[in-house]
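Enquirer: Submitted below is the structure of interest, expressed as structure tokens.
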Number of protein chains: 4
Amino acid sequence: MLRTGKDYLASLRDGRQIYIGDELVTDVTTHPAFRNAARSYASLFDFKRQNEAMSFEENGERYSFYYKQPKTVDDLLFRMKGHKLLADFSYGLLGRSPDHVSSFVTGMMLKPEIFDVPEQGFRANVEAYYQYLRENDLYVTYAVHPPAGAKNWSSDAKAHLFDSPSLQVVATDDSGVTIHGMKMLATGGAFVDEVWIGNLTPLAPGREKEAITCALPINTPGITLWSRKSMEAMAESVFDNPLSSRFDESDVMLICDHVKVPWNRVFTLGNVELSRSIYVDTAGHCFGNHQSNVRFWAKLQFILGLANKIAQSGGVRNIAAVQDTLGRLAAYEASLGAMIHGQVLAHEEIGDGYILPNRRYMYGTLNWCQENYAGLCTVVRELMGGSVFQMPANVSIRSDEKLSAIFEDFWSTETDSAIDRMKLYKLAWDMLGSEFASRHLQYENFYAGPSFVVRAYSMRTAPWAMFDAIVDDLMATYDTTTREPVAA
Amino acid sequence: MLRTGKDYLASLRDGRQIYIGDELVTDVTTHPAFRNAARSYASLFDFKRQNEAMSFEENGERYSFYYKQPKTVDDLLFRMKGHKLLADFSYGLLGRSPDHVSSFVTGMMLKPEIFDVPEQGFRANVEAYYQYLRENDLYVTYAVHPPAGAKNWSSDAKAHLFDSPSLQVVATDDSGVTIHGMKMLATGGAFVDEVWIGNLTPLAPGREKEAITCALPINTPGITLWSRKSMEAMAESVFDNPLSSRFDESDVMLICDHVKVPWNRVFTLGNVELSRSIYVDTAGHCFGNHQSNVRFWAKLQFILGLANKIAQSGGVRNIAAVQDTLGRLAAYEASLGAMIHGQVLAHEEIGDGYILPNRRYMYGTLNWCQENYAGLCTVVRELMGGSVFQMPANVSIRSDEKLSAIFEDFWSTETDSAIDRMKLYKLAWDMLGSEFASRHLQYENFYAGPSFVVRAYSMRTAPWAMFDAIVDDLMATYDTTTREPVAA
Amino acid sequence: MLRTGKDYLASLRDGRQIYIGDELVTDVTTHPAFRNAARSYASLFDFKRQNEAMSFEENGERYSFYYKQPKTVDDLLFRMKGHKLLADFSYGLLGRSPDHVSSFVTGMMLKPEIFDVPEQGFRANVEAYYQYLRENDLYVTYAVHPPAGAKNWSSDAKAHLFDSPSLQVVATDDSGVTIHGMKMLATGGAFVDEVWIGNLTPLAPGREKEAITCALPINTPGITLWSRKSMEAMAESVFDNPLSSRFDESDVMLICDHVKVPWNRVFTLGNVELSRSIYVDTAGHCFGNHQSNVRFWAKLQFILGLANKIAQSGGVRNIAAVQDTLGRLAAYEASLGAMIHGQVLAHEEIGDGYILPNRRYMYGTLNWCQENYAGLCTVVRELMGGSVFQMPANVSIRSDEKLSAIFEDFWSTETDSAIDRMKLYKLAWDMLGSEFASRHLQYENFYAGPSFVVRAYSMRTAPWAMFDAIVDDLMATYDTTTREPVAA
Amino acid sequence: MLRTGKDYLASLRDGRQIYIGDELVTDVTTHPAFRNAARSYASLFDFKRQNEAMSFEENGERYSFYYKQPKTVDDLLFRMKGHKLLADFSYGLLGRSPDHVSSFVTGMMLKPEIFDVPEQGFRANVEAYYQYLRENDLYVTYAVHPPAGAKNWSSDAKAHLFDSPSLQVVATDDSGVTIHGMKMLATGGAFVDEVWIGNLTPLAPGREKEAITCALPINTPGITLWSRKSMEAMAESVFDNPLSSRFDESDVMLICDHVKVPWNRVFTLGNVELSRSIYVDTAGHCFGNHQSNVRFWAKLQFILGLANKIAQSGGVRNIAAVQDTLGRLAAYEASLGAMIHGQVLAHEEIGDGYILPNRRYMYGTLNWCQENYAGLCTVVRELMGGSVFQMPANVSIRSDEKLSAIFEDFWSTETDSAIDRMKLYKLAWDMLGSEFASRHLQYENFYAGPSFVVRAYSMRTAPWAMFDAIVDDLMATYDTTTREPVAA
């Protein structure tokens with residue numbers, strides 16, 4: 001069943017509790033900090049429903065593309081193109097869109113036997129959860145990292161009620177487990193149906209209480225979400241902030257105050273290793289980050305469009321240095337497209353006929369995205385120059401006839417009207433210069449962890465023995481007595 | 001005479017006309033978009049008045065340090081230290097602070113004979129203006145570039161009332177000249193006493209009508225200022241935006257609607273070359289950009305403090321990679337300090353016993369600042385990681401006792417209280433991530449022109465013949481017949 | 001027919017004329033500047049002959065893989081893997097290996113109708129040439145750029161015998177055309193069977209005389225090759241220079257002194273546009289540079305092996321910073337592998353059922369290789385540190401028993417013998433620090449043209465209209481009157 | 001007394017023992033691996049003797065400038081200019097020129113009381129040594145690091161005769177101490193009078209036996225030097241390698257086989273902390289690295305000359321992108337000049353009226369040099385393009401009349417003769433592409449330690465408390481209750 005946007009919107013009014021500062025928001029569909037983004041998600045559900053390429057049929061029922069369990073290159077391409085369509089819808093601005101965490105869960109389904117650890121893993125539960133998600137076309141986020149300060153608590157610090165603010169199991173009984181504490185960072189949390197709670201950050205031995213993986217409806221009693229500043233609320237108008245005003249996906253801290261998790265929603269329990277390996281030893285992490293790669297690609301294409309139009313608007317597109325800059329941007333976009341396709345062609349097998357994108361290639365791409373985002377933005381900002389600050393503060397200028405006339409007289413160029421220039425620069429600034437843009441810069445640099453974490457994935461998965469062998473084999477072809485002439 | 005902050009504030013209520021969108025602001029001391037910044041400037045005047053190192057005595061009167069005409073290394077050091085104190089006051093955030101344009105004017109005074117071009121240059125006027133500024137301790141900004149689109153107007157475009165929106169002379173009579181049109185970008189314009197109008201961007205021959213240099217009180221009838229979005233207005237509170245809320249210097253477009261300039265305020269007229277050379281062939285450009293170098297230095301020191309405190313707060317300061325990062329930041333700060341001192345020691349003479357900082361070294365420093373600002377900010381943002389988005393939306397959280405308690409319980413670390421962490425991260429974000437920060441990034445990359453313009457100053461002033469001679473002399477020591485052994 | 005190494009070596013003794021300085025070399029199989037490289041090529045022919053994956057069967061005959069005209073993804077993969085095996089053989093050090101220019105020619109065969117320009121294009125000739133090359137398993141290089149200074153000759157410079165030193169047609173008769181002049185840079189020229197002469201650098205209108213494309217045996221009378229310094233000749237021993245001593249492919253200038261080209265070897269004549277478009281409007285340029293991408297990949301894998309072994313040898317592989325460096329190198333290698341695979345999956349059609357790697361992705365990859373080579377080498381050099389200069393000057397140290405003993409006592413580490421360390425560092429230095437390495441650095445940065453030329457390929461092939469449309473469509477969703485709340 | 005070059009050359013024939021591979025060299029003035037460099041040093045002594053600005057008078061005697069103990073800015077400028085003149089002589093290519101280690105020793109003389117540690121420090125000896133050096137105008141190098149592998153020896157490894165190959169004290173008696181083992185890397189060792197042995201790399205507690213600082217004549221019995229490959233020996237001719245052939249300063253490993261050090265040459269003994277602090281807690285390290293900064297400056301100016309002449313020769317100097325590149329190079333050169341002057345103006349006091357360059361600024365400059373050398377070379381290599389490989393292998397081409405004529409006809413450009421072009425490109429390649437150039441690249445990146453070591457100096461000396469205070473003071477100006485409007 002594919003949901004309509006209308007149904008989705010209705011379902012958001014479920015009593016979820018979100019704090020912005022000291023203000024409690026319970027209906028995100030009407031609150032100025034969230035209402036437009038909520039509508040964007042609703043439109044996205046309609047868009048997906050209307051676009052055949054974004055769902056597949058199984059047993060007479062249609063499911064969203066990201067629940068597809070791939071066995072062929074065409075299956076992987078189907079997923080890839082689905083992610084691309086979905087990301088294009090929001091210009092790559094919704095990082096934790098509905099296909100992200102659901103791809104993690106689907107990836108786990110390619111190797112569900114990893115959960116077969118008695119009393120600590122619950123395979124049937126996670127399989128049922130996967131079915132539940134896809135049957136109901138649900139949107140799920142995750143909160144899988146301890147809060148930043150948590151790791152600073154020494155074991156004997158007694159200043160607080162508990163030894164770490166990080167979410168942990170505080171009680172267990174026949175009906176389930178009780179969890180208490182905080183997890184970061186449930187991006188999209190204001191707009192989801194469900195939250196997956198777990199540990200993508202490795203847990204140290206001894207922290208078994210934190211080693212719970214489970215999932216809950218976002219409106220579960222005891223759950224509160226603490227939101228960062230809303231960029232949507234800060235937007236002056238759609239014209240002035242066409243992106244912040246409509247695509248702020250929200251970042252929220254998840255606080256659970258003695259929340260009861262029924263057993264059928266518990267996936268792993270008390271096993272620090274398992275609580276991490278379910279992501280990286282299945283296709284979960286790979287599927288989720290493949291989606292990120294594709295989403296980044298959509299964003300990059302949008303940025304190229306901005307760069308090209310800014311160059312045109314400024315009348316500098318034919319200057320050699322600008323051509324060179326655009327050529328470099330185009331080369332980068334092509335590199336990324338190539339990397340994503342390459343992951344698919346050089347796919348890996350994971351058993352039972354299932355395949356997944358090449359993990360090393362995906363991690364290489366992830367590193368590429370992280371290394372290049374800031375620089376790409378800087379290049380386009382340099383194309384913008386100081387033009388943005390020459391524009392009036394906001395579009396209200398148009399409401400005054402006299403000001404409007406002056407504006408057109410003085411700000412027009414030979415090729416563009418003043419209002420068209422303003423529209424373009426406001427959009428570009430919202431993408432590259434606004435606080436919304438700034439949050440995206442931070443997001444691209446940290447959503448998969450700091451750079452050393454991202455590179456560590458590449459380190460761990462690289463075939464070092466193969467690389468070493470190249471050198472060893474070469475060195476085996478000569479010794480200290482070799483005299484010329486010799487062949488290779 | 002050194003003004004008090006109180007006098008300064010009072011003088012701002014002079015009827016100046018500033019548009020923010022379609023809203024007309026006439027009193028910046030009370031308007032939420034400007035009132036705090038106005039107070040910051042007022043405090044700055046008091047600070048300067050109370051600090052002996054920031055003024056000098058001449059003929060029994062005290063003058064602000066930036067009016068000092070230097071003849072010795074000590075004079076240059078006096079100016080340098082004055083700039084540093086003034087920049088420290090605002091953490092380097094007021095780019096066009098009172099010492100910037102006044103330094104340009106003072107720099108011209110070291111070689112006023114450049115104005116001695118009959119009927120096109122008005123030396124006595126500019127000398128009198130310099131005296132007037134320093135006697136009355138005035139704050140002056142400039143608007144010395146054509147609007148971005150202006151250059152796109154071909155000579156035969158007829159769509160507008162005039163052939164270019166760029167400010168130009170439209171009439172001349174016995175009492176003065178009449179100017180009409182737009183100039184960008186009068187940074188600080190909301191808070192100044194005076195605006196200097198001119199052409200730092202070279203004018204093409206044939207554009208003599210634009211080749212006017214003059215100065216006017218900012219409240220002159222016919223002058224309107226069109227402001228970009230106010231960051232101060234967007235600030236949630238001082239706690240949440242301690243910098244945006246108090247140090248937004250404003251960027252405004254200057255529009256002159258048939259404004260009359262009396263003859264004694266005209267400095268150059270109808271000479272395209274002279275209208276540019278008065279900056280770069282005197283000490284003007286050098287003094288003004290030396291100030292920029294010093295201001296950047298103050299900002300960088302502030303950023304180093306943030307970096308160090310963030311590393312401490314995150315408990316990572318002793319990690320090798322973080323030490324390396326801090327070491328690099330410290331090396332950069334020291335490099336900049338060295339460059340600024342080096343300009344002073346390797347000073348140049350300009351005649352009549354006057355000296356100025358080494359121009360080439362100053363341009364080299366300017367290029368260094370421009371090349372490194374984005375990267376320096378990125379490094380510190382990486383130290384911040386995702387922590388900032390884990391903080392509550394704003395300080396209102398403290399108004400609610402229950403939320404406040406939860407906040408302290410969950411967000412504190414062993415070394416820092418939750419509120420202290422929030423205070424630090426909000427400050428760091430305001431410096432590095434907010435829209436205010438983003439405007440600063442654009443500012444540092446463009447206030448002296450795009451990078452190719454900044455590098456062109458170095459190109460033009462470099463001693464290429466000397467560099468060539470090194471190679472030529474070397475090549476003269478050998479020819480094709482040289483046989484070993486040989487000496488160097 | 002696939003040649004044996006023995007046959008190949010024998011064929012090199014054909015009287016070709018190569019100058020090194022003023023020394024004329026006529027037998028590269030015995031001359032100390034070339035003999036080892038000649039043997040390396042011979043081994044390569046044997047290797048290719050013995051490896052089934054490097055050839056294909058057609059009409060009962062086996063042909064080298066690079067003559068395959070691809071119609072399916074598997075065909076493209078077959079070519080890609082062939083290139084990889086061939087490049088692995090020489091660690092990516094033979095840039096213009098036998099598969100490079102032959103791939104250009106094969107690429108032209110996918111669209112031979114481009115030669116159908118009466119009297120200026122000779123389709124039958126080039127088709128016959130393709131058959132001739134593959135039947136006889138020949139090795140062909142090209143010389144397709146004017147000498148560097150040629151472009152500086154103004155049309156009326158009379159100081160020389162001819163108006164430009166660049167190769168041109170000086171006579172035509174029934175038996176063929178006569179060419180005279182110089183072309184750069186016939187890399188591999190000392191070891192090839194044939195040289196393809198043409199114009200990859202665009203020719204200006206009016207230079208029709210230079211617009212000849214043809215091919216000749218390298219020993220054609222009148223052809224002389226002027227070689228740069230031989231790195232093989234400089235190698236102290238195989239141990240001290242295991243790469244320079246065996247893999248110096250040579251770079252030679254091609255000088256034709258009134259050389260007669262028979263008509264059947266003329267491919268284009270007197271058409272400046274056609275002389276360039278045969279590369280970029282067919283699959284030629286794409287095939288040839290796809291090979292370059294793959295060859296770079298082999299080299300990069302070799303460099304990763306070196307990096308890893310250096311880190312191990314230095315006992316620093318477990319240090320966090322070194323892990324991070326290795327992780328980054330691994331991410332880069334994976335990115336490149338992904339890009340190459342992506343070119344294949346996202347292939348393009350060119351008519352008649354033929355396909356080729358995605359051009360944009362290939363150009364993106366080419367730019368990536370060029371942008372990253374110097375930095376990758378620098379990283380590995382930094383891992384080496386000063387160790388290489390602590391090693392004895394050369395392996396002769398082993399000939400002296402007493403010195404050898406001292407060497408083992410003082411230079412060994414707990415894990416590695418002195419001689420093993422020396423072997424590794426000498427190899428690494430030959431790859432990254434020797435003059436041979438330095439030539440490779442220059443080669444990687446210029447074999448496809450300077451960086452602006454490489455980026456121009458991306459600029460020209462990018463779908464700018466598609467990128468623009470993303471922005472246009474977005475801007476079409478709102479206007480100045482839009483009032484919130486709104487959907488995306 | 002200032003030595004003549006002739007005296008210097010004569011003194012080199014003192015029986016010093018240098019191995020190149022298994023060849024023992026005892027007279028560097030005649031051996032093809034060293035003779036030209038020896039003559040270059042001799043010329044340098046004459047140059048210094050003839051140039052008044054390079055020596056000073058004291059008590060009627062003239063001493064080399066680097067023995068000057070500075071008390072005024074003029075003294076520091078005198079030293080700085082002396083270093084510059086000396087570095088200009090060799091285009092910055094002699095890294096450990098006579099002013100390097102002597103500056104270390106002179107720097108120690110500003111605070112000799114650091115040696116006042118009974119039985120472990122020998123102040124009178126080092127003072128006498130300083131007098132001895134300057135009286136006799138001696139050239140001294142140092143060997144102050146353990147061999148690379150030494151640190152890998154665990155304390156219980158028994159495979160060798162001694163527990164570490166690193167040089168250590170093996171016996172002590174009335175006449176002195178006996179040392180045995182290896183030190184790296186006595187750059188210039190083939191050409192010096194004396195070698196200073198010590199520990200700039202910090203020693204771990206427990207390694208007291210290695211904690212000896214002393215100095216010996218280079219021809220002391222038992223000392224052998226093991227040289228790396230000689231670039232001078234590899235040079236084809238002065239024309240083809242104008243720099244390698246004359247400015248290869250040598251890098252040698254120092255091996256002491258039970259060498260006796262008389263007590264008057266022992267400076268510290270058995271004190272691991274003192275053996276390091278004599279460099280960094282006196283002016284020693286600062287003086288020595290200030291010299292390095294200045295030497296790098298000379299090299300950079302030479303590189304700018306090359307860049308400019310290459311641009312001219314290639315006919316591209318007026319292209320905008322090339323202008324931008326040259327402008328950047330000029331900005332960098334100016335930045336470095338500024339930093340060096342800044343060290344002098346912002347000098348520090350060290351007691352007894354002595355001053356030294358600002359240490360932080362010097363370390364910042366050192367980091368700048370290390371960070372930028374590779375990139376600067378890359379930029380100029382890019383200006384060179386592939387031109388260098390189009391040149392004949394070597395100048396022997398000129399010996400053949402016919403070849404010479406062809407060369408002039410084909411390789412000349414409208415502005416430059418073929419031989420002039422070849423001369424320039426051979427020189428540029430020797431500076432940027434030859435193995436000599438490659439050794440310089442490694443040298444600039446490692447002579448002061450790997451980059452993290454260089455940055456650690458900046459980390460340790462930075463005023464973190466001052467930086468923190470900027471932030472603390474700012475945060476003290478507001479709290480959570482602050483209500484607008486407020487002043488800064």
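Each chain of the structure tokens is named A, B, ... in the order shown, its residues numbered from 1; ligands are numbered from 1 in display order.
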With a distance threshold of 10 Å and counting only C-alpha atoms, extract the residues of chain B near chain C and express them as JSON, numbers by chain.
Expert: {"B": [319, 320, 321]}
Enquirer: Write the residues of the selection above to a file with N, CA and C atoms, as a short mmCIF file (atom, residue, chain, number, x, y, z; two decimals), in the first residue's frame.
Expert:
```cif
data_model
loop_
_atom_site.label_atom_id
_atom_site.label_comp_id
_atom_site.auth_asym_id
_atom_site.auth_seq_id
_atom_site.Cartn_x
_atom_site.Cartn_y
_atom_site.Cartn_z
N ILE B 319 44.16 14.59 22.09
CA ILE B 319 44.30 13.65 20.99
C ILE B 319 45.30 14.21 19.98
N ALA B 320 46.16 13.32 19.47
CA ALA B 320 47.25 13.76 18.60
C ALA B 320 46.74 14.57 17.40
N ALA B 321 45.67 14.09 16.77
CA ALA B 321 45.16 14.78 15.58
C ALA B 321 44.65 16.17 15.94
#
```
Enquirer: Quick one: residues within 7 Å of His180 of chain D, only C-alpha atoms counted, chain neighbours fewer than 4 positions away excluded, as a ChimeraX atom specification?
Expert: /D:167-170,256-259
Enquirer: Where does DSSP see alpha helix (DSSP H) in segment 56-300 of chain A, if you list the residues as JSON, numbers by chain?
Expert: {"A": [73, 74, 75, 76, 77, 78, 79, 80, 81, 82, 83, 84, 85, 86, 87, 88, 89, 98, 99, 100, 101, 102, 103, 104, 105, 106, 107, 108, 109, 123, 124, 125, 126, 127, 128, 129, 130, 131, 132, 133, 134, 135, 136, 231, 232, 233, 234, 244, 245, 246, 247, 272, 273, 274, 275, 276, 277, 278, 279, 280, 284, 285, 286, 287, 288, 289, 290, 291, 292, 293, 294, 295, 296, 297, 298, 299, 300]}
Enquirer: For segment 382-389 of chain A, please output as a ChimeraX atom specification all residues within 8 Å (counting only C-alpha atoms; exclusion window: fewer than 4 positions along the same chain).
Expert: /A:307,310-311,378,422,425-426,429 /B:148,228,251-252,442-443,445-446,450
Enquirer: How far is it from atom CA of Gly375 of chain A to atom CA of Ser40 of chain A, in Å with one decimal?
Expert: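 Value for the atom CA of Gly375 of chain A-atom CA of Ser40 of chain A distance: 28.7 Å.
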Enquirer: Select, from D:Ala476, D:Met80, D:Leu44, D:Ile218, the residue with the minimum atom-to-atom distance to Asn289 of chain D, counting only C-alpha atoms.
Expert: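 Checking each candidate against Asn289 of chain D, we get D:Met80 as the closest.
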Enquirer: If I take atom CA of Arg381 of chain D and atom CA of Asp240 of chain D, how far is one from the other in Å, to one decimal?
Expert: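 Straight-line distance from atom CA of Arg381 of chain D to atom CA of Asp240 of chain D works out to 17.4 Å.
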Enquirer: Which neighbours of Gly288 of chain A fall inside 12 Å, counting only C-alpha atoms, when residues of the same chain fewer than 3 positions from it are skipped, and could you give them as an NGL selection string?
Expert: :A and (66-67 or 79-80 or 83 or 95-108 or 141-142 or 279-280 or 282-285 or 291-295 or 356-357 or 359 or 362-363 or 366 or 447-448)
Enquirer: Just the number, please: distance in Å from atom CA of Val454 of chain B to atom CA of Gly327 of chain D, one decimal.
Expert: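 Calculated distance between atom CA of Val454 of chain B and atom CA of Gly327 of chain D is 8.6 Å.
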Enquirer: For Asp473 of chain B, find every residue with an atom within 12 Å (counting only C-alpha atoms), except residues of its own chain fewer than 3 positions away, and show them as a list in words.
Expert: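 Skipping anything fewer than 3 positions along the chain leaves Ala465, Met466, Phe467, Asp468, Ala469, Ile470, Ala476, Thr477, Tyr478 and Ala488 of chain B; Asp88, Phe89, Ser90, Tyr91, Phe302, Gly305 and Leu306 of chain D.
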Enquirer: Okay, now the selection with C-alpha atoms, as a JSON list (two decimals), in the first residue's frame?
Expert:
```json
[["chain", "number", "residue", "atom", "x", "y", "z"],
["B", 465, "ALA", "CA", 63.22, 42.17, -13.29],
["B", 466, "MET", "CA", 65.00, 41.32, -10.07],
["B", 467, "PHE", "CA", 63.64, 37.77, -10.14],
["B", 468, "ASP", "CA", 64.62, 37.38, -13.78],
["B", 469, "ALA", "CA", 68.10, 38.65, -13.03],
["B", 470, "ILE", "CA", 68.68, 35.80, -10.58],
["B", 476, "ALA", "CA", 75.61, 33.55, -17.47],
["B", 477, "THR", "CA", 77.97, 31.41, -15.42],
["B", 478, "TYR", "CA", 78.07, 28.54, -17.91],
["B", 488, "ALA", "CA", 79.62, 27.89, -8.77],
["D", 88, "ASP", "CA", 71.44, 33.86, -2.75],
["D", 89, "PHE", "CA", 74.88, 32.59, -3.65],
["D", 90, "SER", "CA", 73.55, 29.04, -4.01],
["D", 91, "TYR", "CA", 69.94, 29.90, -4.89],
["D", 302, "PHE", "CA", 64.92, 32.00, -7.80],
["D", 305, "GLY", "CA", 62.50, 34.03, -11.78],
["D", 306, "LEU", "CA", 62.19, 30.63, -13.42]]
```
Enquirer: Using only C-alpha atoms, which of the listed residues (B:Gln120, B:Gln69, B:Ser237, B:Ser166) sits closest to Ser396 of chain B?
Expert: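 With only C-alpha atoms as the atom set, the closest residue is B:Ser237.
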Enquirer: Tell me which protein, DNA and RNA residues are within 12 Å of Asn51 of chain D, counting only C-alpha atoms, leaving out same-chain ones fewer than 5 positions away, and put them as a list in words.
Expert: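 Contacts, with the query itself left out: Leu2, Leu44, Phe45, Asp46, Phe56, Arg62, Tyr63, Ser64, Phe65, Lys81, Gly82, Leu85, Leu86 and Phe89 of chain D.
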Enquirer: Within 10 Å of Ile20 of chain C, counting only C-alpha atoms, which residues qualify if same-chain residues fewer than 2 places away don't, as an NGL selection string?
Expert: (:C and (18 or 22-25 or 33 or 225-230 or 252)) or (:D and (392-397))
Enquirer: Write out, as a compact mmCIF listing (two decimals), in the first residue's frame, the residues just selected, with N, CA, C and O atoms.
Expert:
```
# COMPACT_ATOMS: atom_id res chain seq x y z
N ILE C 18 67.30 6.67 -33.99
CA ILE C 18 66.99 7.42 -32.77
C ILE C 18 68.25 8.14 -32.28
O ILE C 18 69.30 7.53 -32.12
N ASP C 22 73.86 13.50 -29.46
CA ASP C 22 74.42 13.34 -30.81
C ASP C 22 74.72 11.88 -31.16
O ASP C 22 75.34 11.60 -32.17
N GLU C 23 74.27 10.96 -30.30
CA GLU C 23 74.53 9.55 -30.57
C GLU C 23 73.36 8.95 -31.34
O GLU C 23 72.21 9.05 -30.92
N LEU C 24 73.69 8.30 -32.45
CA LEU C 24 72.65 7.65 -33.23
C LEU C 24 72.51 6.19 -32.79
O LEU C 24 73.47 5.42 -32.85
N VAL C 25 71.33 5.82 -32.37
CA VAL C 25 71.04 4.46 -31.94
C VAL C 25 70.23 3.79 -33.03
O VAL C 25 69.22 4.34 -33.48
N ALA C 33 70.50 2.33 -23.32
CA ALA C 33 69.42 3.27 -23.02
C ALA C 33 68.05 2.65 -23.25
O ALA C 33 67.03 3.20 -22.82
N LEU C 225 64.05 10.00 -34.86
CA LEU C 225 63.43 10.22 -33.55
C LEU C 225 64.47 10.85 -32.64
O LEU C 225 65.60 10.36 -32.56
N TRP C 226 64.11 11.95 -31.98
CA TRP C 226 65.04 12.62 -31.07
C TRP C 226 64.55 12.34 -29.65
O TRP C 226 63.51 12.83 -29.23
N SER C 227 65.35 11.58 -28.93
CA SER C 227 64.92 11.12 -27.62
C SER C 227 65.31 12.08 -26.51
O SER C 227 66.34 12.74 -26.59
N ARG C 228 64.48 12.17 -25.52
CA ARG C 228 64.90 12.83 -24.27
C ARG C 228 65.91 11.90 -23.60
O ARG C 228 66.09 10.76 -24.02
N LYS C 229 66.50 12.43 -22.56
CA LYS C 229 67.41 11.67 -21.69
C LYS C 229 66.81 10.31 -21.34
O LYS C 229 65.62 10.21 -21.01
N SER C 230 67.59 9.27 -21.40
CA SER C 230 67.10 7.94 -21.06
C SER C 230 67.27 7.66 -19.57
O SER C 230 68.37 7.77 -19.03
N VAL C 252 59.95 10.62 -27.56
CA VAL C 252 60.78 11.09 -28.67
C VAL C 252 60.02 12.09 -29.52
O VAL C 252 58.80 12.01 -29.68
N PRO D 392 66.28 17.83 -26.74
CA PRO D 392 67.20 16.70 -26.92
C PRO D 392 67.73 16.21 -25.58
O PRO D 392 67.68 16.93 -24.57
N ALA D 393 68.24 14.98 -25.60
CA ALA D 393 68.68 14.34 -24.36
C ALA D 393 69.74 15.15 -23.64
O ALA D 393 69.74 15.23 -22.41
N ASN D 394 70.65 15.76 -24.39
CA ASN D 394 71.69 16.55 -23.74
C ASN D 394 72.39 17.45 -24.75
O ASN D 394 72.11 17.39 -25.94
N VAL D 395 73.30 18.25 -24.22
CA VAL D 395 73.90 19.31 -25.02
C VAL D 395 74.87 18.78 -26.07
O VAL D 395 75.32 19.53 -26.94
N SER D 396 75.17 17.49 -26.03
CA SER D 396 76.10 16.94 -27.01
C SER D 396 75.60 17.17 -28.44
O SER D 396 76.37 17.15 -29.40
N ILE D 397 74.33 17.41 -28.55
CA ILE D 397 73.74 17.70 -29.85
C ILE D 397 74.49 18.82 -30.56
O ILE D 397 74.57 18.86 -31.80
```
